[in-house]
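What's in target_27.tsv: TSV, C-alpha atoms and all ligand atoms
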```
chain	number	residue	atom	x	y	z
A	379	MET	CA	37.64	-11.75	26.01
A	380	ASP	CA	38.72	-12.37	22.40
A	381	ASP	CA	37.70	-16.03	22.39
A	382	TRP	CA	34.25	-15.50	23.84
A	383	LYS	CA	31.40	-16.68	21.66
A	384	ALA	CA	28.43	-14.44	20.91
A	385	ARG	CA	26.16	-15.82	23.64
A	386	THR	CA	28.80	-15.22	26.30
A	387	ARG	CA	29.46	-11.73	25.02
A	388	LEU	CA	25.72	-10.96	25.00
A	389	VAL	CA	25.64	-11.71	28.71
A	390	HIS	CA	28.94	-10.18	29.88
A	391	GLU	CA	30.61	-7.91	27.34
A	392	GLY	CA	31.03	-4.30	28.33
A	393	SER	CA	30.07	-4.83	31.98
A	394	ARG	CA	31.56	-2.34	34.41
A	395	ARG	CA	31.15	-2.85	38.14
A	396	SER	CA	31.04	-0.15	40.78
A	397	GLN	CA	32.75	-0.45	44.19
A	398	TYR	CA	29.80	-2.62	45.32
A	399	GLY	CA	30.53	-5.40	42.83
A	400	GLU	CA	26.87	-5.62	41.79
A	401	MET	CA	25.96	-8.61	39.55
A	402	ALA	CA	23.43	-6.84	37.34
A	403	GLU	CA	24.53	-3.79	35.38
A	404	ALA	CA	24.10	-0.63	37.47
A	405	LEU	CA	21.67	2.00	36.27
A	406	PHE	CA	23.54	5.31	36.44
A	407	LEU	CA	20.50	7.53	36.35
A	408	THR	CA	22.46	10.75	36.41
A	409	GLN	CA	22.58	13.69	34.07
A	410	GLY	CA	25.95	15.03	35.12
A	411	PHE	CA	29.26	13.99	36.69
A	412	ALA	CA	31.25	15.83	39.38
A	413	TYR	CA	34.95	16.57	38.95
A	414	GLN	CA	37.47	16.56	41.81
A	415	THR	CA	39.08	19.77	40.59
A	416	ALA	CA	38.64	22.52	38.02
A	417	GLU	CA	41.69	21.15	36.22
A	418	GLU	CA	40.04	17.74	35.91
A	419	ALA	CA	36.92	19.34	34.43
A	420	GLU	CA	39.04	21.27	31.94
A	421	ALA	CA	41.02	18.15	30.96
A	422	ARG	CA	37.85	16.13	30.43
A	423	PHE	CA	36.42	18.77	28.10
A	424	ILE	CA	39.65	18.72	26.11
A	425	LYS	CA	39.61	14.94	25.78
A	426	ALA	CA	37.46	12.55	27.80
A	427	GLY	CA	38.80	9.01	28.27
A	428	LYS	CA	36.63	5.97	27.57
A	429	ASP	CA	35.34	5.79	31.13
A	430	GLU	CA	35.21	9.52	31.74
A	431	PHE	CA	31.84	11.15	31.33
A	432	ILE	CA	30.67	14.75	31.05
A	433	TYR	CA	26.92	14.82	30.58
A	434	ALA	CA	24.34	12.11	29.78
A	435	ARG	CA	23.63	13.62	26.36
A	436	TYR	CA	27.29	12.91	25.53
A	437	GLY	CA	27.53	9.51	27.20
A	438	ASN	CA	26.83	7.63	30.43
A	439	PRO	CA	28.33	4.50	32.04
A	440	THR	CA	25.16	2.43	31.57
A	441	THR	CA	24.82	3.53	27.97
A	442	ARG	CA	28.51	2.80	27.38
A	443	MET	CA	28.02	-0.79	28.61
A	444	PHE	CA	25.26	-1.22	26.02
A	445	GLU	CA	27.40	0.33	23.28
A	446	ASP	CA	30.36	-1.94	24.02
A	447	ARG	CA	28.17	-5.04	24.14
A	448	ILE	CA	26.43	-4.39	20.83
A	449	ALA	CA	29.68	-3.38	19.08
A	450	ALA	CA	31.22	-6.69	20.16
A	451	ILE	CA	28.28	-8.63	18.72
A	452	GLU	CA	28.21	-6.67	15.49
A	453	GLY	CA	31.99	-6.92	15.09
A	454	THR	CA	32.61	-3.18	14.88
A	455	GLU	CA	35.18	-1.08	16.71
A	456	ASP	CA	32.55	1.05	18.41
A	457	ALA	CA	28.87	1.96	18.64
A	458	PHE	CA	26.76	4.94	19.70
A	459	ALA	CA	23.33	4.46	21.28
A	460	THR	CA	20.46	6.71	20.26
A	461	ALA	CA	16.99	7.58	21.49
A	462	SER	CA	15.25	5.56	18.77
A	463	GLY	CA	15.96	3.65	15.60
A	464	MET	CA	15.09	6.74	13.59
A	465	ALA	CA	17.58	8.82	15.58
A	466	ALA	CA	20.18	6.21	14.56
A	467	VAL	CA	19.20	6.30	10.87
A	468	ASN	CA	19.03	10.10	10.80
A	469	GLY	CA	22.31	10.47	12.71
A	470	ALA	CA	24.16	7.94	10.57
A	471	LEU	CA	23.14	9.77	7.38
A	472	THR	CA	23.07	13.42	8.41
A	473	SER	CA	26.35	13.35	10.32
A	474	ILE	CA	28.34	12.70	7.14
A	475	LEU	CA	26.27	14.31	4.39
A	476	SER	CA	26.51	17.89	3.15
A	477	ALA	CA	24.73	19.90	0.49
A	478	GLY	CA	25.82	18.74	-2.95
A	479	ASP	CA	26.42	15.12	-1.89
A	480	HIS	CA	24.68	12.25	-3.63
A	481	VAL	CA	22.98	9.27	-1.95
A	482	VAL	CA	21.80	6.05	-3.57
A	483	ALA	CA	19.20	4.13	-1.57
A	484	ALA	CA	16.98	1.10	-2.10
A	485	ARG	CA	13.37	2.08	-2.74
A	486	ALA	CA	11.96	-0.53	-0.35
A	487	LEU	CA	12.47	1.44	2.86
A	488	PHE	CA	10.55	1.97	6.08
A	489	GLY	CA	8.37	5.10	5.69
A	490	SER	CA	10.29	7.21	8.23
A	491	CYS	CA	13.59	6.36	6.50
A	492	LEU	CA	12.09	7.65	3.24
A	493	TYR	CA	11.05	10.82	5.11
A	494	VAL	CA	14.65	11.38	6.29
A	495	LEU	CA	15.88	11.02	2.70
A	496	GLU	CA	13.26	13.56	1.55
A	497	LEU	CA	14.39	15.90	4.31
A	498	LEU	CA	18.00	15.62	3.18
A	499	GLY	CA	16.80	16.68	-0.26
A	500	ARG	CA	15.58	19.95	1.26
A	501	PHE	CA	19.15	20.63	2.39
A	502	GLY	CA	20.73	20.05	-1.00
A	503	VAL	CA	21.53	16.34	-0.84
A	504	GLU	CA	20.53	14.53	-4.02
A	505	VAL	CA	18.92	11.13	-3.53
A	506	THR	CA	18.46	8.41	-6.15
A	507	LEU	CA	16.15	5.50	-5.29
A	508	VAL	CA	16.70	2.14	-6.96
A	509	ASP	CA	15.22	-1.34	-6.91
A	510	GLY	CA	17.55	-2.82	-4.30
A	511	LEU	CA	17.42	-6.28	-5.87
A	512	ASP	CA	18.65	-5.06	-9.25
A	513	LEU	CA	22.45	-4.73	-9.27
A	514	ASP	CA	22.32	-3.02	-12.68
A	515	GLN	CA	20.22	-0.25	-11.15
A	516	TRP	CA	22.75	0.22	-8.32
A	517	ARG	CA	25.58	0.25	-10.87
A	518	ALA	CA	23.82	2.83	-13.04
A	519	ALA	CA	22.88	5.08	-10.11
A	520	LEU	CA	26.32	5.19	-8.44
A	521	ARG	CA	28.41	8.21	-9.39
A	522	PRO	CA	31.86	9.53	-8.48
A	523	ASP	CA	30.17	12.02	-6.12
A	524	THR	CA	28.03	9.35	-4.40
A	525	LYS	CA	28.86	9.73	-0.73
A	526	VAL	CA	26.48	7.24	0.87
A	527	VAL	CA	24.65	4.07	-0.08
A	528	PHE	CA	21.74	3.15	2.17
A	529	PHE	CA	19.42	0.15	2.33
A	530	GLU	CA	17.56	-2.22	4.61
A	531	SER	CA	19.23	-5.64	4.39
A	532	VAL	CA	15.78	-7.25	4.56
A	533	SER	CA	13.07	-4.84	3.57
A	534	ASN	CA	9.97	-3.90	5.52
A	535	PRO	CA	7.35	-5.33	4.93
A	536	THR	CA	7.92	-7.44	1.80
A	537	LEU	CA	11.13	-9.12	3.00
A	538	GLU	CA	13.30	-8.53	-0.05
A	539	VAL	CA	16.83	-9.66	0.76
A	540	ILE	CA	19.50	-7.36	-0.62
A	541	ASP	CA	22.88	-8.76	-1.60
A	542	ILE	CA	25.02	-6.87	0.92
A	543	LYS	CA	28.39	-7.93	-0.48
A	544	ALA	CA	27.53	-7.17	-4.10
A	545	VAL	CA	26.13	-3.71	-3.28
A	546	CYS	CA	29.07	-2.92	-0.95
A	547	ASP	CA	31.57	-3.90	-3.66
A	548	LEU	CA	29.87	-1.59	-6.17
A	549	ALA	CA	29.61	1.26	-3.65
A	550	HIS	CA	33.23	0.93	-2.57
A	551	GLU	CA	34.41	1.12	-6.19
A	552	ARG	CA	32.94	4.64	-6.09
A	553	GLY	CA	34.33	5.38	-2.64
A	554	ALA	CA	30.87	5.57	-1.03
A	555	THR	CA	30.12	4.73	2.60
A	556	VAL	CA	27.57	1.92	2.97
A	557	ILE	CA	25.01	2.29	5.76
A	558	VAL	CA	22.83	-0.79	6.34
A	559	ASP	CA	19.60	-0.71	8.35
A	560	ASN	CA	19.67	-4.23	9.76
A	561	VAL	CA	16.51	-4.26	11.86
A	562	PHE	CA	14.85	-7.30	10.27
A	563	THR	CA	18.12	-9.26	10.20
A	564	THR	CA	18.81	-8.66	13.92
A	565	PRO	CA	22.38	-8.62	15.34
A	566	ILE	CA	22.18	-12.42	15.71
A	567	PHE	CA	21.84	-13.14	12.00
A	568	SER	CA	23.99	-10.19	10.91
A	569	ASN	CA	27.15	-10.61	8.85
A	570	ALA	CA	26.84	-7.12	7.39
A	571	VAL	CA	30.28	-5.90	8.47
A	572	ALA	CA	32.02	-9.06	7.24
A	573	LEU	CA	30.19	-8.58	3.93
A	574	GLY	CA	31.52	-5.03	3.60
A	575	ALA	CA	29.05	-2.67	5.32
A	576	ASP	CA	30.77	0.37	6.84
A	577	VAL	CA	27.98	1.31	9.21
A	578	VAL	CA	25.15	-0.82	10.64
A	579	VAL	CA	22.10	0.72	12.31
A	580	TYR	CA	19.45	-0.91	14.46
A	581	SER	CA	16.20	0.09	15.99
A	582	ALA	CA	16.89	-1.37	19.44
A	583	THR	CA	13.17	-0.87	20.06
A	584	LYS	CA	12.62	-4.13	18.18
A	585	HIS	CA	14.43	-7.42	18.87
A	586	ILE	CA	17.10	-5.93	21.15
A	587	ASP	CA	14.63	-4.84	23.81
A	588	GLY	CA	12.49	-7.78	22.72
A	589	SER	CA	9.73	-7.12	25.22
A	590	GLY	CA	8.15	-4.07	23.65
A	591	ARG	CA	9.07	-1.63	26.44
A	592	ALA	CA	11.67	1.03	25.56
A	593	MET	CA	12.61	3.00	22.45
A	594	GLY	CA	16.21	2.97	21.31
A	595	GLY	CA	18.61	2.74	18.43
A	596	VAL	CA	22.29	2.20	17.81
A	597	VAL	CA	24.85	3.02	15.14
A	598	CYS	CA	27.79	0.59	14.82
A	599	GLY	CA	30.96	1.30	12.86
A	600	ARG	CA	34.63	2.28	12.88
A	601	ARG	CA	35.81	4.27	15.88
A	602	ASP	CA	36.92	7.30	13.87
A	603	TYR	CA	33.39	7.65	12.48
A	604	ILE	CA	31.48	6.77	15.66
A	605	ARG	CA	33.51	8.95	18.03
A	606	GLY	CA	34.04	11.57	15.29
A	607	PRO	CA	31.19	12.98	13.17
A	608	LEU	CA	28.49	10.65	14.48
A	609	GLU	CA	29.08	11.38	18.17
A	610	ALA	CA	29.36	15.10	17.48
A	611	TYR	CA	26.04	15.08	15.61
A	612	ILE	CA	24.15	13.02	18.21
A	613	LYS	CA	25.48	14.78	21.30
A	614	HIS	CA	24.92	18.28	19.96
A	615	THR	CA	21.49	17.62	18.46
A	616	GLY	CA	20.26	15.75	21.53
A	617	SER	CA	19.29	12.27	20.35
A	618	ALA	CA	21.37	10.06	22.67
A	619	MET	CA	19.78	7.06	24.38
A	620	SER	CA	18.64	7.58	27.96
A	621	PRO	CA	20.56	5.57	30.60
A	622	PHE	CA	17.30	3.97	31.71
A	623	ASN	CA	16.61	2.66	28.21
A	624	ALA	CA	20.23	1.47	27.88
A	625	TRP	CA	19.76	-0.50	31.10
A	626	ILE	CA	16.68	-2.18	29.61
A	627	MET	CA	18.51	-2.87	26.34
A	628	LEU	CA	21.42	-4.48	28.22
A	629	SER	CA	19.13	-7.13	29.67
A	630	GLY	CA	17.43	-7.46	26.28
A	631	LEU	CA	20.79	-8.33	24.72
A	632	GLN	CA	21.37	-11.10	27.26
A	633	THR	CA	18.46	-13.16	25.90
A	634	LEU	CA	18.58	-11.93	22.29
A	635	ASP	CA	20.18	-15.03	20.80
A	636	LEU	CA	17.80	-17.42	22.55
A	637	ARG	CA	14.72	-15.42	21.63
A	638	VAL	CA	15.55	-14.68	18.03
A	639	ARG	CA	16.52	-18.24	17.18
A	640	ALA	CA	13.30	-19.58	18.75
A	641	GLN	CA	11.28	-16.93	16.91
A	642	ALA	CA	12.92	-17.84	13.59
A	643	ASP	CA	12.22	-21.57	14.13
A	644	THR	CA	8.54	-20.81	14.72
A	645	ALA	CA	8.45	-18.37	11.79
A	646	LEU	CA	9.60	-21.17	9.47
A	647	GLN	CA	6.89	-23.51	10.79
A	648	LEU	CA	4.24	-20.83	10.38
A	649	ALA	CA	5.45	-20.03	6.86
A	650	ARG	CA	5.19	-23.71	5.88
A	651	THR	CA	1.69	-23.87	7.33
A	652	ALA	CA	0.56	-20.75	5.49
A	653	GLU	CA	2.17	-21.82	2.23
A	654	SER	CA	-0.01	-24.89	2.02
A	655	HIS	CA	-3.27	-23.05	2.89
A	656	GLY	CA	-5.75	-22.25	0.16
A	657	ALA	CA	-6.55	-18.76	1.47
A	658	VAL	CA	-2.99	-17.53	0.93
A	659	ALA	CA	-1.94	-16.31	-2.50
A	660	ARG	CA	1.72	-15.93	-1.51
A	661	THR	CA	3.71	-16.65	1.61
A	662	ILE	CA	6.80	-14.46	1.80
A	663	TYR	CA	9.49	-15.83	4.09
A	664	PRO	CA	13.21	-15.83	3.23
A	665	GLY	CA	13.60	-19.26	4.85
A	666	LEU	CA	11.22	-20.90	2.35
A	667	GLY	CA	12.59	-22.40	-0.86
A	668	SER	CA	9.93	-20.40	-2.75
A	669	HIS	CA	11.41	-17.04	-1.66
A	670	PRO	CA	13.20	-15.43	-4.63
A	671	GLN	CA	16.33	-14.75	-2.55
A	672	HIS	CA	16.19	-17.93	-0.46
A	673	GLY	CA	19.79	-18.98	-1.18
A	674	LEU	CA	21.13	-15.49	-0.56
A	675	ALA	CA	19.17	-15.24	2.71
A	676	LEU	CA	20.68	-18.48	4.00
A	677	ASP	CA	24.21	-17.47	2.92
A	678	GLN	CA	23.89	-13.98	4.35
A	679	MET	CA	21.88	-14.61	7.52
A	680	GLY	CA	21.97	-18.37	8.07
A	681	SER	CA	18.25	-18.12	8.78
A	682	GLY	CA	14.97	-16.88	7.35
A	683	GLY	CA	14.54	-14.50	10.30
A	684	THR	CA	11.62	-13.76	12.57
A	685	MET	CA	9.31	-11.95	10.14
A	686	LEU	CA	6.98	-13.26	7.46
A	687	ALA	CA	4.29	-11.81	5.25
A	688	LEU	CA	1.13	-13.41	3.86
A	689	ASP	CA	-0.63	-12.08	0.80
A	690	LEU	CA	-4.21	-13.21	1.28
A	691	LYS	CA	-6.39	-14.03	-1.71
A	692	GLY	CA	-9.42	-12.00	-0.61
A	693	GLY	CA	-7.64	-8.60	-0.46
A	694	GLN	CA	-8.22	-6.15	2.40
A	695	ALA	CA	-11.51	-7.76	3.51
A	696	ALA	CA	-9.75	-11.11	3.95
A	697	ALA	CA	-6.81	-9.47	5.69
A	698	PHE	CA	-9.11	-7.72	8.17
A	699	ARG	CA	-11.10	-10.94	8.79
A	700	PHE	CA	-7.81	-12.75	9.44
A	701	LEU	CA	-6.56	-10.05	11.83
A	702	ASN	CA	-9.84	-9.86	13.71
A	703	ALA	CA	-9.85	-13.63	14.27
A	704	LEU	CA	-6.49	-13.56	16.12
A	705	ARG	CA	-6.30	-13.82	19.92
A	706	ILE	CA	-2.70	-14.63	20.90
A	707	ILE	CA	-1.22	-12.63	18.04
A	708	LYS	CA	-1.88	-8.94	18.68
A	709	ILE	CA	-2.80	-6.40	16.01
A	710	SER	CA	-0.05	-3.79	16.29
A	711	ASN	CA	2.47	-2.01	14.09
A	712	ASN	CA	5.57	-2.92	16.11
A	713	LEU	CA	7.87	-5.90	15.56
A	714	GLY	CA	10.59	-7.92	17.25
A	715	ASP	CA	8.56	-8.30	20.46
A	716	ALA	CA	8.38	-11.55	22.46
A	717	ARG	CA	4.64	-11.31	21.72
A	718	SER	CA	3.57	-12.18	18.19
A	719	ILE	CA	2.24	-9.22	16.22
A	720	ALA	CA	0.21	-8.93	13.02
A	721	THR	CA	0.20	-5.74	10.92
A	722	HIS	CA	-1.74	-4.63	7.86
A	723	PRO	CA	0.92	-2.41	6.23
A	724	ALA	CA	-1.32	-0.91	3.52
A	725	THR	CA	-3.62	0.76	6.08
A	726	THR	CA	-1.10	1.43	8.87
A	727	THR	CA	2.71	1.58	8.60
A	728	HIS	CA	2.72	2.28	4.85
A	729	GLN	CA	-0.65	4.03	4.62
A	730	ARG	CA	0.81	7.33	3.45
A	731	LEU	CA	2.80	5.86	0.54
A	732	PRO	CA	1.27	6.74	-2.84
A	733	ASP	CA	-0.56	3.76	-4.41
A	734	GLU	CA	2.02	3.54	-7.19
A	735	HIS	CA	4.87	3.22	-4.65
A	736	LYS	CA	2.89	0.62	-2.67
A	737	LYS	CA	2.38	-1.35	-5.87
A	738	GLN	CA	6.10	-1.19	-6.71
A	739	LEU	CA	6.91	-2.55	-3.25
A	740	GLY	CA	4.29	-5.31	-3.37
A	741	ILE	CA	2.25	-3.82	-0.52
A	742	THR	CA	-1.08	-5.21	-1.64
A	743	PRO	CA	-4.43	-4.82	0.17
A	744	GLY	CA	-4.23	-8.49	1.17
A	745	LEU	CA	-0.75	-8.30	2.68
A	746	VAL	CA	-0.40	-9.12	6.39
A	747	ARG	CA	2.99	-8.89	8.10
A	748	LEU	CA	3.67	-11.22	11.01
A	749	SER	CA	6.34	-10.64	13.62
A	750	VAL	CA	6.71	-13.99	15.29
A	751	GLY	CA	7.10	-14.09	19.06
A	752	ILE	CA	8.33	-16.67	21.54
A	753	GLU	CA	4.96	-18.25	22.31
A	754	ASP	CA	4.45	-21.98	21.80
A	755	ALA	CA	4.81	-22.76	18.09
A	756	GLY	CA	1.86	-25.19	18.14
A	757	ASP	CA	-0.46	-22.55	19.62
A	758	LEU	CA	0.56	-20.05	16.94
A	759	ILE	CA	0.12	-22.58	14.14
A	760	ASP	CA	-3.35	-23.51	15.45
A	761	GLU	CA	-4.31	-19.85	15.68
A	762	VAL	CA	-3.06	-18.90	12.19
A	763	THR	CA	-4.68	-22.01	10.65
A	764	ALA	CA	-8.03	-21.26	12.32
A	765	ALA	CA	-7.89	-17.60	11.23
A	766	LEU	CA	-7.06	-18.60	7.65
A	767	ASP	CA	-9.88	-21.17	7.67
A	768	MET	CA	-12.32	-18.44	8.70
A	769	ILE	CA	-11.58	-16.30	5.65
B	801	LIG	C1	13.50	-1.06	9.16
B	801	LIG	C2	13.27	-0.06	10.25
B	801	LIG	N1	14.16	0.93	10.43
B	801	LIG	C3	14.00	1.85	11.40
B	801	LIG	C4	12.89	1.84	12.22
B	801	LIG	C5	12.73	2.92	13.24
B	801	LIG	O1	12.89	2.46	14.54
B	801	LIG	P1	12.26	3.24	15.81
B	801	LIG	O2	10.79	3.00	15.76
B	801	LIG	O3	12.95	2.63	16.98
B	801	LIG	O4	12.59	4.69	15.64
B	801	LIG	C6	11.93	0.84	12.06
B	801	LIG	C7	10.72	0.83	12.91
B	801	LIG	O5	9.79	0.08	12.68
B	801	LIG	C8	12.11	-0.14	11.04
B	801	LIG	O6	11.22	-1.11	10.83
```

Would you write out, as structure tokens, the structure that this file holds?
Amino acid sequence: MDDWKARTRLVHEGSRRSQYGEMAEALFLTQGFAYQTAEEAEARFIKAGKDEFIYARYGNPTTRMFEDRIAAIEGTEDAFATASGMAAVNGALTSILSAGDHVVAARALFGSCLYVLELLGRFGVEVTLVDGLDLDQWRAALRPDTKVVFFESVSNPTLEVIDIKAVCDLAHERGATVIVDNVFTTPIFSNAVALGADVVVYSATKHIDGSGRAMGGVVCGRRDYIRGPLEAYIKHTGSAMSPFNAWIMLSGLQTLDLRVRAQADTALQLARTAESHGAVARTIYPGLGSHPQHGLALDQMGSGGTMLALDLKGGQAAAFRFLNALRIIKISNNLGDARSIATHPATTTHQRLPDEHKKQLGITPGLVRLSVGIEDAGDLIDEVTAALDMI
């Protein structure tokens, strides 16, 4: 299997077939597993082999197929699937942090990720937030007792692109473990491990499912971490992925490359359209030459990705008029779906952030985030142009 390219791996990697030789991955919708003998049960509790299962909260054959497939794509030794993206973020952090440890994280984080960091503070973990784009701030914040560095490789919703290699190099000088939330980058455009990340987390809810159906997450990394502290934390605290959701995610992975590349092509066309429209103060898309980290984005991801943001000149009123004029593009707070989605972060996903924090992150009243789907690019361009004209 070593020579298989990503698209082949996305279709086949990790597959296990039962005695029936089924083509599609089997859904093992079972909580438990029966042992032939008491000795076998005892042996499995002492050390379960890769294809030996105990209880679905610990692992399941369908879930294991998903874990093997995503690990192969990400280029890590192993992966552990979780009930949601937040279960992955929380597990990745909490499983290795203890009271007295120090974390440095980029300030531009998804709201729930910020909540987890606040929670860790209640248990004696000290957290320093920095401007993720400013390497001097990372350098100044890192200390000998810094255990973990955490950031979103492309931030939500303002699409700042963090220099993964530079931050990893600084973190590793201090012996810190780097955990990257790679949701906006997607596994297709990810080079995070090659650039030095120790652990990569995804909300599988987004592009991996890709059809807006099931919640899920995954933590990818070295086997000693994944099958050591991470697995222990997830299996004992109860946040493993359900076999049913893993089965959905497996088929999501099969079409991931095709979808995400088509979405990114359309996103670039939409960004170019928006950039030349008078109603838009700023079009934020890493694939545009005007994006402050355009060169880094292309080096790091080879693409501008599937997400863009428009800062509309007329503030919230203009943003709402734009959203209300959309028909194909749905108003929702999700992303990574085959259906295009528009979000007004200031009043929804980032509503609870204090105004000062919103300002620091560039979440203005006129900001609209677009998650580009797989619909016809021409239809989406016509719709966005008409909605912008209406403002
Ligand atoms: C960057 C990022 N990380 C993590 C999550 C959490 O994922 P989930 O909703 O699957 O828990 C999200 C969800 O939007 C996200 O955007």

Discussion item. Would you pick out the contacts of range 627-631 of chain A at 6 Å or less, using all atoms listed in the file, so that residues sharing its chain but fewer than 2 positions from it are not included, and give the list as a list in words?
Written reply: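 Near neighbours after the sequence-gap exclusion: Leu388, Phe444, Ile586, Asp587, Ala624, Trp625, Thr633 and Leu634 of chain A.
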
Within 9 Å of ligand LIG 801 (chain B), which residues of chain A come that close, and what is the closest atom pair and distance in Å for each? Count only C-alpha atoms and all ligand atoms and give it as CSV.
```
residue,atom,partner,partner_atom,distance
A:Ala461,CA,B:LIG801,O3,7.8
A:Ser462,CA,B:LIG801,O3,4.1
A:Gly463,CA,B:LIG801,O1,3.5
A:Met464,CA,B:LIG801,O4,3.8
A:Ala465,CA,B:LIG801,O4,6.5
A:Ala466,CA,B:LIG801,O4,7.8
A:Val467,CA,B:LIG801,C3,6.9
A:Leu487,CA,B:LIG801,C1,6.9
A:Phe488,CA,B:LIG801,C1,5.2
A:Gly489,CA,B:LIG801,C8,8.4
A:Ser490,CA,B:LIG801,C5,7.0
A:Cys491,CA,B:LIG801,C3,6.7
A:Glu530,CA,B:LIG801,C1,6.2
A:Ser531,CA,B:LIG801,C1,8.7
A:Val532,CA,B:LIG801,C1,8.0
A:Ser533,CA,B:LIG801,C1,6.8
A:Asn534,CA,B:LIG801,C1,5.8
A:Pro535,CA,B:LIG801,O6,8.2
A:Asp559,CA,B:LIG801,N1,6.1
A:Asn560,CA,B:LIG801,C1,7.0
A:Val561,CA,B:LIG801,C1,5.2
A:Phe562,CA,B:LIG801,C1,6.5
A:Val579,CA,B:LIG801,N1,8.2
A:Tyr580,CA,B:LIG801,C3,6.8
A:Ser581,CA,B:LIG801,O3,4.2
A:Ala582,CA,B:LIG801,O3,6.1
A:Thr583,CA,B:LIG801,O3,4.7
A:Lys584,CA,B:LIG801,O3,6.9
A:Ala592,CA,B:LIG801,O3,8.8
A:Met593,CA,B:LIG801,O3,5.5
A:Gly594,CA,B:LIG801,O3,5.4
A:Gly595,CA,B:LIG801,O3,5.8
A:Asn711,CA,B:LIG801,O5,7.7
A:Asn712,CA,B:LIG801,O5,6.2
A:Leu713,CA,B:LIG801,O5,6.9
A:Thr727,CA,B:LIG801,O5,8.3
```

Practice prompt. Could you give me, as number ranges by chain, the residues within 12 Å of Gly756 in chain A, counting only C-alpha atoms and dropping anything in the same chain fewer than 6 positions from it?
Written response: A: 643-645, 647-648, 651, 706, 762-763

Worksheet, complete the sentence: As a check of understanding: the span from CA of Ser681 in chain A to CA of Leu745 in chain A is 22.2 Å

Worksheet item: If we count only C-alpha atoms, what is near Leu758 in chain A at a cut-off of 12 Å, once residues fewer than 6 positions away on the same chain are taken out, given as JSON, numbers by chain?
Response: {"A": [641, 644, 645, 646, 647, 648, 649, 651, 652, 704, 705, 706, 707, 708, 717, 718, 719, 720, 748, 749, 750, 751, 752, 764, 765]}

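In this comparison, which uses all atoms listed in the file, the residue of A:Ile424, A:Val526, A:Ala434, A:Val494 approaching Leu407 in chain A most closely is A:Ala434.
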
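Across the structure, CA of Arg521 in chain A and CA of Gln671 in chain A are spaced 26.8 Å apart.
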
Fill in: Spatial neighbours of Asp689 in chain A, max dist 9 Å, all atoms listed in the file, sep filter under 2 positions, as a PyMOL selection string
chain A and resi 657-662+687+691-693+697+741-747

Discussion item. Set the distance at 12 Å and use all atoms listed in the file: which residues neighbour Phe431 in chain A once local chain neighbours fewer than 3 positions away are removed? I'd like the list as a PyMOL selection string.
Written reply: chain A and resi 406+408-413+418-419+421-423+425-428+434-442

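For the choices A:Thr536, A:Thr725, A:Ser393, A:Thr460, the atom-to-atom distance to Lys613 in chain A is smallest for A:Thr460 when using all atoms listed in the file.
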
Atom completion result for range 708-719 of chain A (N, CA and C atoms) as a PDB file, in the frame of the given file:
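What follows is the written file out-v2.pdb:
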```
ATOM      1  N   LYS A 708      -1.241 -10.257  18.512  1.00  0.00           N
ATOM      2  CA  LYS A 708      -1.880  -8.940  18.680  1.00  0.00           C
ATOM      3  C   LYS A 708      -1.789  -8.123  17.387  1.00  0.00           C
ATOM      4  N   ILE A 709      -2.835  -7.323  17.150  1.00  0.00           N
ATOM      5  CA  ILE A 709      -2.800  -6.400  16.010  1.00  0.00           C
ATOM      6  C   ILE A 709      -2.026  -5.172  16.484  1.00  0.00           C
ATOM      7  N   SER A 710      -0.880  -4.922  15.893  1.00  0.00           N
ATOM      8  CA  SER A 710      -0.050  -3.790  16.290  1.00  0.00           C
ATOM      9  C   SER A 710       0.901  -3.488  15.146  1.00  0.00           C
ATOM     10  N   ASN A 711       1.565  -2.353  15.202  1.00  0.00           N
ATOM     11  CA  ASN A 711       2.470  -2.010  14.090  1.00  0.00           C
ATOM     12  C   ASN A 711       3.931  -2.205  14.472  1.00  0.00           C
ATOM     13  N   ASN A 712       4.191  -2.723  15.666  1.00  0.00           N
ATOM     14  CA  ASN A 712       5.570  -2.920  16.110  1.00  0.00           C
ATOM     15  C   ASN A 712       6.077  -4.282  15.607  1.00  0.00           C
ATOM     16  N   LEU A 713       7.308  -4.596  15.932  1.00  0.00           N
ATOM     17  CA  LEU A 713       7.870  -5.900  15.560  1.00  0.00           C
ATOM     18  C   LEU A 713       9.029  -6.231  16.485  1.00  0.00           C
ATOM     19  N   GLY A 714       9.431  -7.501  16.461  1.00  0.00           N
ATOM     20  CA  GLY A 714      10.590  -7.920  17.250  1.00  0.00           C
ATOM     21  C   GLY A 714      10.274  -8.189  18.712  1.00  0.00           C
ATOM     22  N   ASP A 715       9.013  -8.093  19.087  1.00  0.00           N
ATOM     23  CA  ASP A 715       8.560  -8.300  20.460  1.00  0.00           C
ATOM     24  C   ASP A 715       8.509  -9.794  20.763  1.00  0.00           C
ATOM     25  N   ALA A 716       8.583 -10.150  22.048  1.00  0.00           N
ATOM     26  CA  ALA A 716       8.380 -11.550  22.460  1.00  0.00           C
ATOM     27  C   ALA A 716       6.956 -11.989  22.156  1.00  0.00           C
ATOM     28  N   ARG A 717       6.041 -11.012  22.049  1.00  0.00           N
ATOM     29  CA  ARG A 717       4.640 -11.310  21.720  1.00  0.00           C
ATOM     30  C   ARG A 717       4.476 -11.255  20.210  1.00  0.00           C
ATOM     31  N   SER A 718       3.790 -12.207  19.645  1.00  0.00           N
ATOM     32  CA  SER A 718       3.570 -12.180  18.190  1.00  0.00           C
ATOM     33  C   SER A 718       2.665 -11.019  17.816  1.00  0.00           C
ATOM     34  N   ILE A 719       2.956 -10.424  16.663  1.00  0.00           N
ATOM     35  CA  ILE A 719       2.240  -9.220  16.220  1.00  0.00           C
ATOM     36  C   ILE A 719       1.865  -9.381  14.751  1.00  0.00           C
TER      37      ILE A 719
END
```
